[in-house]
Amino acid sequence: MTIRTRFAPSPTGMLHIGGARTALFSWLYARHHGGEFVLRIEDTDRQRSTDEATQVILDGLQWLGLDWDGEPVFQASRQGEHVRAAEQLMDAGHAYRCYCTREELDAMREEQRARGEKPKYDGRCRHRSQQSEDAPFVVRFRSPDTGETVVRDMVLGDVEFNNAELDDLIILRSDGSPTYNLAVVVDDAAMQITHVVRGSDHLNNTPRQIQLYQALGLTPPVFAHIPLIHGPDGAKMSKRHGAVAITEYRQAGYLPQAVVNYLARLGWSHGDDEVFSVQQLIELFDLAQVGKTAARFDQQKLDWLNAHYLHHSEPAELVDEVARLLGVDTSNGPDLAAVIGSLQERSKNIVDLAEGARFFYIAPCAYVEKAVKKNFKDDTWPLLDAFVAAAEALPEWSPVSIHALISKVCESRGVNMGKLAQPIRILISGGPVSPPIDATLALLGRDETLNRIRDGRTNMAV
RNA sequence: GCUCCCAUCGUCUAGUGGUCUAGGACGCCGCCCUCUCACGGCGGAAACAGGGGUUCGACUCCCCUUGGGAGUACCA
């Protein structure tokens, strides 16, 4: 049997890191087994679903490289199937109309809570006599009162639920639209999903869904409830707790393979290994190796992995993204790939890289005050003048010759390289940080270098 | 409150009864390298939540406590 997994986000909020990991695990499992991975947008809540959220989901998955098979299925378009299933359930006596009003239900729950009971529907409409035809109603699933339902979970093992704990859930709203539990079951069955990989926040729904499968005469898929990702404070990922749309990571300069690698290691491991290519992930990933404990989101480790991938990238691969985030015209300056090559090992993300590259294309108009104070002494300008004079006469402008030149000037004056390198660095970049001075000057070019040093004298005098 | 899940360094984790004086990684501290910032190299501090069992022997199995999390909607 072909393995088929799905990712079924609801477009009511942004796709964040937790949802992305669920998608990743689901995708990896399918790809590992040579199966299929499909996408279903759960938009049955028409009020709260938005096109923007759908777009973020699609963009996010694409950016991460999680490709899906076939076209995405929009759940709302399958309402006919859902209603048919509900009717089938009613015909078989597994579902019934409930005419309770919201006020009635609220009052009931309030009483139960006051008595210290678990709030749940008491089934009062199971045998309620005929109502007038035009009274609004919902359809409820008739849940068994006795026995137990066991969820066989690939991550958690067997989890038993007492059926008495489960109340009669609504499967069709009063407007005739299906609710989540009915729609997932009908659609997962119709789409022939073999393995349902989802967050463990869905574990409590699972016994009800299993009952629905049984009542509809369907075979339940295999379930795998993966632990949730918590924010840095240990609470559930939410908008208030560091949950940002996955697409924001791109804007913040993260590489998709770093995010994928980080996410994979949150809950899954393979011995002591830390760095995995997507290919290796597909080869090695197994739901059986997924742990049961919730993980906290650790930005620093993501940063480390991102830096790792950044340092091991070919500059050419980075050019487009750096140019996009840099947002300045680079056509009249040094080759961007070469600039990236000089910068990548000292950057931890693309934003860093782009900022570090900026001065190669735009001359500084101000200098970091603290750095000036620290590096400009009485003997600094004479030293710079000596450097400029020698630089003008230098036959070849290359890292090696520049290095030799700086070193020679410093030696003749009996000072170490920092005495000259730092002032030059400040004058050409505006601050005390840049790639090695020889490489930087070579990239910038002789004319631009000397112009910036000369301009520096006037700028600083002001 | 009730139901369900979880519990190894600060964080992510290895560990599936003896090989554990518990391993790796991030972060942190120190040293080296050095023209700045980084990279890199070397070294260091740092954990089995507590209590009962089971066993010749528990980080590993069972129970309780404690702690954390999720659910408890005409959301998904």
# chains A, B, ... in the order shown; residues from 1 in each chain; ligands from 1
>>> interface_residues(of="chain B", to="chain A", cutoff="6 Å", atoms="only C-alpha atoms (C1' of nucleotides)", output="number ranges by chain")
B: 1-2, 6, 14, 24, 26, 35-39, 70-71, 74
>>> atom_distance(atom1="CA of Glu392 (chain A)", atom2="CA of Arg446 (chain A)")
8.0 Å
>>> residues_around(residues="U66 (chain B)", least_positions_apart="2", cutoff="12 Å", atoms="only C-alpha atoms (C1' of nucleotides)", output="list of chain:residue names")
B:A7, B:A49, B:G50, B:G51, B:C64, B:G68
>>> write_last_selection(atoms="N, CA and C atoms (P, O5', C5', C4', C3', O3' and C1' of nucleotides)", output="PDB file, in the first residue's frame")
ATOM      1  P     A B   7       8.687  11.482  28.889  1.00  0.00           P
ATOM      2  O5'   A B   7       9.238  12.642  29.865  1.00  0.00           O
ATOM      3  C5'   A B   7       9.896  13.819  29.269  1.00  0.00           C
ATOM      4  C4'   A B   7      10.484  14.628  30.417  1.00  0.00           C
ATOM      5  C3'   A B   7      11.461  13.797  31.266  1.00  0.00           C
ATOM      6  O3'   A B   7      12.816  14.191  31.286  1.00  0.00           O
ATOM      7  C1'   A B   7       9.585  14.579  32.578  1.00  0.00           C
ATOM      8  P     A B  49      14.926  13.072  36.262  1.00  0.00           P
ATOM      9  O5'   A B  49      14.824  13.915  37.616  1.00  0.00           O
ATOM     10  C5'   A B  49      15.439  15.200  37.730  1.00  0.00           C
ATOM     11  C4'   A B  49      14.808  15.922  38.896  1.00  0.00           C
ATOM     12  C3'   A B  49      14.491  15.012  40.082  1.00  0.00           C
ATOM     13  O3'   A B  49      15.588  14.941  40.972  1.00  0.00           O
ATOM     14  C1'   A B  49      12.552  16.227  39.462  1.00  0.00           C
ATOM     15  P     G B  50      15.859  13.560  41.750  1.00  0.00           P
ATOM     16  O5'   G B  50      14.711  13.569  42.851  1.00  0.00           O
ATOM     17  C5'   G B  50      14.720  14.544  43.883  1.00  0.00           C
ATOM     18  C4'   G B  50      13.548  14.292  44.799  1.00  0.00           C
ATOM     19  C3'   G B  50      13.406  12.844  45.271  1.00  0.00           C
ATOM     20  O3'   G B  50      14.215  12.579  46.398  1.00  0.00           O
ATOM     21  C1'   G B  50      11.322  13.618  44.489  1.00  0.00           C
ATOM     22  P     G B  51      14.696  11.054  46.639  1.00  0.00           P
ATOM     23  O5'   G B  51      13.341  10.339  47.060  1.00  0.00           O
ATOM     24  C5'   G B  51      12.650  10.771  48.228  1.00  0.00           C
ATOM     25  C4'   G B  51      11.394   9.973  48.383  1.00  0.00           C
ATOM     26  C3'   G B  51      11.566   8.464  48.248  1.00  0.00           C
ATOM     27  O3'   G B  51      12.074   7.874  49.427  1.00  0.00           O
ATOM     28  C1'   G B  51       9.675   9.152  47.011  1.00  0.00           C
ATOM     29  P     C B  64      -0.307   5.801  39.850  1.00  0.00           P
ATOM     30  O5'   C B  64       0.208   6.595  41.128  1.00  0.00           O
ATOM     31  C5'   C B  64      -0.413   6.406  42.398  1.00  0.00           C
ATOM     32  C4'   C B  64       0.364   7.135  43.465  1.00  0.00           C
ATOM     33  C3'   C B  64       0.561   8.630  43.222  1.00  0.00           C
ATOM     34  O3'   C B  64      -0.557   9.382  43.673  1.00  0.00           O
ATOM     35  C1'   C B  64       2.629   7.651  43.853  1.00  0.00           C
ATOM     36  P     G B  68       3.963  24.144  37.185  1.00  0.00           P
ATOM     37  O5'   G B  68       4.216  23.611  35.701  1.00  0.00           O
ATOM     38  C5'   G B  68       5.233  24.196  34.905  1.00  0.00           C
ATOM     39  C4'   G B  68       5.419  23.419  33.633  1.00  0.00           C
ATOM     40  C3'   G B  68       4.259  23.450  32.657  1.00  0.00           C
ATOM     41  O3'   G B  68       4.213  24.655  31.921  1.00  0.00           O
ATOM     42  C1'   G B  68       5.064  21.251  32.833  1.00  0.00           C
TER      43        G B  68
END
>>> atom_distance(atom1="CA of Glu148 (chain A)", atom2="CA of Arg84 (chain A)")
27.3 Å
>>> select_by_dssp(residues="region 2-247 of chain A", states="strand (DSSP E or B)", output="PyMOL selection string")
chain A and resi 4-7+16+36-41+73-74+95-98+138-141+148-153+157-162+170-172+178+195-199+222-226+229-230+236+245
>>> residues_around(residues="C56 (chain B)", least_positions_apart="2", cutoff="12 Å", atoms="only C-alpha atoms (C1' of nucleotides)", output="CSV table (one decimal) with C-alpha atoms (C1' of nucleotides), in the first residue's frame")
chain,number,residue,atom,x,y,z
B,17,G,C1',18.7,-3.2,33.1
B,18,G,C1',25.0,-3.8,33.9
B,58,A,C1',18.2,0.9,37.7
>>> closest_residue(among="B:G30, B:U16, B:A76, B:G40", to="C61 (chain B)", atoms="only C-alpha atoms (C1' of nucleotides)")
B:U16
>>> atom_distance(atom1="CA of Glu111 (chain A)", atom2="CA of Gln209 (chain A)")
27.5 Å
>>> select_by_dssp(residues="region 315-414 of chain A", states="helix (DSSP H, G or I)", output="ChimeraX atom specification")
/A:315-326,336-346,350-360,369-375,380-393,399-413
>>> closest_residue(among="A:Gln75, A:Thr149, A:Thr247, A:Asn451", to="Val186 (chain A)", atoms="only C-alpha atoms")
A:Gln75
>>> residues_around(residues="Val260 (chain A)", least_positions_apart="6", cutoff="9 Å", atoms="only C-alpha atoms (C1' of nucleotides)", output="list in words")
Ala20, Arg21, Leu24, Leu64, Gly65, Ser277 and Val278 of chain A
>>> write_last_selection(atoms="C-alpha atoms", output="PDB file, in the first residue's frame")
ATOM      1  CA  ALA A  20       5.879  24.041   9.559  1.00  0.00           C
ATOM      2  CA  ARG A  21       7.432  21.236  11.565  1.00  0.00           C
ATOM      3  CA  LEU A  24       8.001  18.701   7.550  1.00  0.00           C
ATOM      4  CA  LEU A  64      11.040  25.326   2.768  1.00  0.00           C
ATOM      5  CA  GLY A  65      11.004  23.023  -0.223  1.00  0.00           C
ATOM      6  CA  SER A 277      20.954  17.709   4.286  1.00  0.00           C
ATOM      7  CA  VAL A 278      17.405  17.332   3.051  1.00  0.00           C
TER       8      VAL A 278
END
>>> decode(residues="region 168-218 of chain A", atoms="N, CA and C atoms", output="tab-separated table (two decimals), in the first residue's frame")
chain	number	residue	atom	x	y	z
A	168	ASP	N	-21.64	14.08	22.84
A	168	ASP	CA	-22.15	14.06	21.47
A	168	ASP	C	-21.72	15.32	20.73
A	169	LEU	N	-20.71	15.20	19.92
A	169	LEU	CA	-20.18	16.40	19.28
A	169	LEU	C	-21.01	16.82	18.08
A	170	ILE	N	-20.97	18.10	17.82
A	170	ILE	CA	-21.69	18.65	16.66
A	170	ILE	C	-20.90	18.33	15.40
A	171	ILE	N	-21.59	17.77	14.41
A	171	ILE	CA	-20.91	17.49	13.15
A	171	ILE	C	-21.39	18.41	12.02
A	172	LEU	N	-22.59	18.94	12.18
A	172	LEU	CA	-23.09	19.91	11.21
A	172	LEU	C	-23.62	21.12	11.96
A	173	ARG	N	-23.17	22.30	11.55
A	173	ARG	CA	-23.63	23.52	12.21
A	173	ARG	C	-25.06	23.83	11.76
A	174	SER	N	-25.67	24.81	12.41
A	174	SER	CA	-27.05	25.15	12.06
A	174	SER	C	-27.14	25.74	10.65
A	175	ASP	N	-26.01	26.19	10.12
A	175	ASP	CA	-26.06	26.69	8.74
A	175	ASP	C	-25.78	25.56	7.74
A	176	GLY	N	-25.66	24.34	8.27
A	176	GLY	CA	-25.48	23.20	7.38
A	176	GLY	C	-24.03	22.88	7.05
A	177	SER	N	-23.09	23.69	7.55
A	177	SER	CA	-21.69	23.43	7.23
A	177	SER	C	-21.11	22.42	8.22
A	178	PRO	N	-20.14	21.62	7.78
A	178	PRO	CA	-19.56	20.60	8.64
A	178	PRO	C	-18.57	21.20	9.63
A	179	THR	N	-18.38	20.54	10.74
A	179	THR	CA	-17.34	20.96	11.67
A	179	THR	C	-16.10	20.11	11.44
A	180	TYR	N	-15.04	20.53	12.07
A	180	TYR	CA	-13.73	19.91	11.89
A	180	TYR	C	-13.73	18.39	11.97
A	181	ASN	N	-14.26	17.84	13.07
A	181	ASN	CA	-14.13	16.40	13.28
A	181	ASN	C	-14.79	15.56	12.18
A	182	LEU	N	-15.93	16.03	11.69
A	182	LEU	CA	-16.58	15.30	10.60
A	182	LEU	C	-15.77	15.45	9.33
A	183	ALA	N	-15.39	16.70	9.02
A	183	ALA	CA	-14.71	16.97	7.76
A	183	ALA	C	-13.37	16.25	7.64
A	184	VAL	N	-12.57	16.24	8.72
A	184	VAL	CA	-11.28	15.52	8.63
A	184	VAL	C	-11.49	14.06	8.33
A	185	VAL	N	-12.44	13.46	9.04
A	185	VAL	CA	-12.64	12.03	8.86
A	185	VAL	C	-13.08	11.71	7.43
A	186	VAL	N	-14.09	12.44	6.97
A	186	VAL	CA	-14.60	12.19	5.62
A	186	VAL	C	-13.49	12.42	4.58
A	187	ASP	N	-12.75	13.52	4.74
A	187	ASP	CA	-11.74	13.84	3.74
A	187	ASP	C	-10.50	12.95	3.81
A	188	ASP	N	-10.05	12.64	5.01
A	188	ASP	CA	-8.89	11.77	5.10
A	188	ASP	C	-9.22	10.41	4.49
A	189	ALA	N	-10.45	9.95	4.71
A	189	ALA	CA	-10.85	8.68	4.12
A	189	ALA	C	-10.92	8.80	2.60
A	190	ALA	N	-11.57	9.87	2.14
A	190	ALA	CA	-11.73	10.04	0.69
A	190	ALA	C	-10.39	10.22	-0.01
A	191	MET	N	-9.46	10.89	0.66
A	191	MET	CA	-8.16	11.13	0.06
A	191	MET	C	-7.20	9.96	0.30
A	192	GLN	N	-7.71	8.93	0.90
A	192	GLN	CA	-6.92	7.72	1.15
A	192	GLN	C	-5.64	7.98	1.91
A	193	ILE	N	-5.77	8.78	2.94
A	193	ILE	CA	-4.62	9.08	3.78
A	193	ILE	C	-4.32	7.86	4.65
A	194	THR	N	-3.08	7.42	4.63
A	194	THR	CA	-2.73	6.22	5.43
A	194	THR	C	-2.18	6.60	6.80
A	195	HIS	N	-1.49	7.76	6.87
A	195	HIS	CA	-0.88	8.17	8.13
A	195	HIS	C	-1.20	9.63	8.42
A	196	VAL	N	-1.82	9.84	9.55
A	196	VAL	CA	-2.14	11.21	9.94
A	196	VAL	C	-1.09	11.69	10.94
A	197	VAL	N	-0.25	12.62	10.48
A	197	VAL	CA	0.78	13.19	11.35
A	197	VAL	C	0.30	14.59	11.73
A	198	ARG	N	0.16	14.85	13.01
A	198	ARG	CA	-0.35	16.15	13.43
A	198	ARG	C	0.13	16.46	14.84
A	199	GLY	N	-0.09	17.66	15.29
A	199	GLY	CA	0.34	18.05	16.63
A	199	GLY	C	-0.44	17.33	17.70
A	200	SER	N	0.18	17.13	18.84
A	200	SER	CA	-0.49	16.38	19.91
A	200	SER	C	-1.64	17.17	20.54
A	201	ASP	N	-1.84	18.41	20.11
A	201	ASP	CA	-3.02	19.13	20.58
A	201	ASP	C	-4.29	18.50	19.99
A	202	HIS	N	-4.12	17.62	19.03
A	202	HIS	CA	-5.27	16.95	18.43
A	202	HIS	C	-5.55	15.58	19.06
A	203	LEU	N	-4.72	15.18	19.98
A	203	LEU	CA	-4.88	13.84	20.55
A	203	LEU	C	-6.27	13.63	21.14
A	204	ASN	N	-6.78	14.64	21.84
A	204	ASN	CA	-8.08	14.47	22.48
A	204	ASN	C	-9.24	14.35	21.48
A	205	ASN	N	-9.02	14.79	20.26
A	205	ASN	CA	-10.07	14.65	19.25
A	205	ASN	C	-10.09	13.26	18.64
A	206	THR	N	-8.97	12.60	18.74
A	206	THR	CA	-8.79	11.36	17.99
A	206	THR	C	-9.78	10.25	18.33
A	207	PRO	N	-10.09	10.01	19.61
A	207	PRO	CA	-11.06	8.95	19.88
A	207	PRO	C	-12.41	9.23	19.23
A	208	ARG	N	-12.83	10.48	19.21
A	208	ARG	CA	-14.10	10.83	18.56
A	208	ARG	C	-14.02	10.53	17.07
A	209	GLN	N	-12.88	10.85	16.50
A	209	GLN	CA	-12.74	10.62	15.06
A	209	GLN	C	-12.73	9.14	14.75
A	210	ILE	N	-12.13	8.37	15.63
A	210	ILE	CA	-12.13	6.92	15.44
A	210	ILE	C	-13.56	6.39	15.47
A	211	GLN	N	-14.35	6.92	16.38
A	211	GLN	CA	-15.75	6.50	16.45
A	211	GLN	C	-16.50	6.88	15.18
A	212	LEU	N	-16.18	8.04	14.66
A	212	LEU	CA	-16.81	8.48	13.41
A	212	LEU	C	-16.44	7.53	12.26
A	213	TYR	N	-15.16	7.16	12.20
A	213	TYR	CA	-14.73	6.21	11.17
A	213	TYR	C	-15.55	4.93	11.28
A	214	GLN	N	-15.68	4.45	12.51
A	214	GLN	CA	-16.39	3.20	12.71
A	214	GLN	C	-17.86	3.32	12.31
A	215	ALA	N	-18.49	4.41	12.73
A	215	ALA	CA	-19.90	4.60	12.42
A	215	ALA	C	-20.14	4.73	10.92
A	216	LEU	N	-19.13	5.25	10.21
A	216	LEU	CA	-19.27	5.41	8.77
A	216	LEU	C	-18.81	4.17	8.01
A	217	GLY	N	-18.35	3.17	8.78
A	217	GLY	CA	-17.89	1.95	8.14
A	217	GLY	C	-16.55	2.10	7.45
A	218	LEU	N	-15.73	3.03	7.96
A	218	LEU	CA	-14.43	3.28	7.35
A	218	LEU	C	-13.30	2.80	8.26
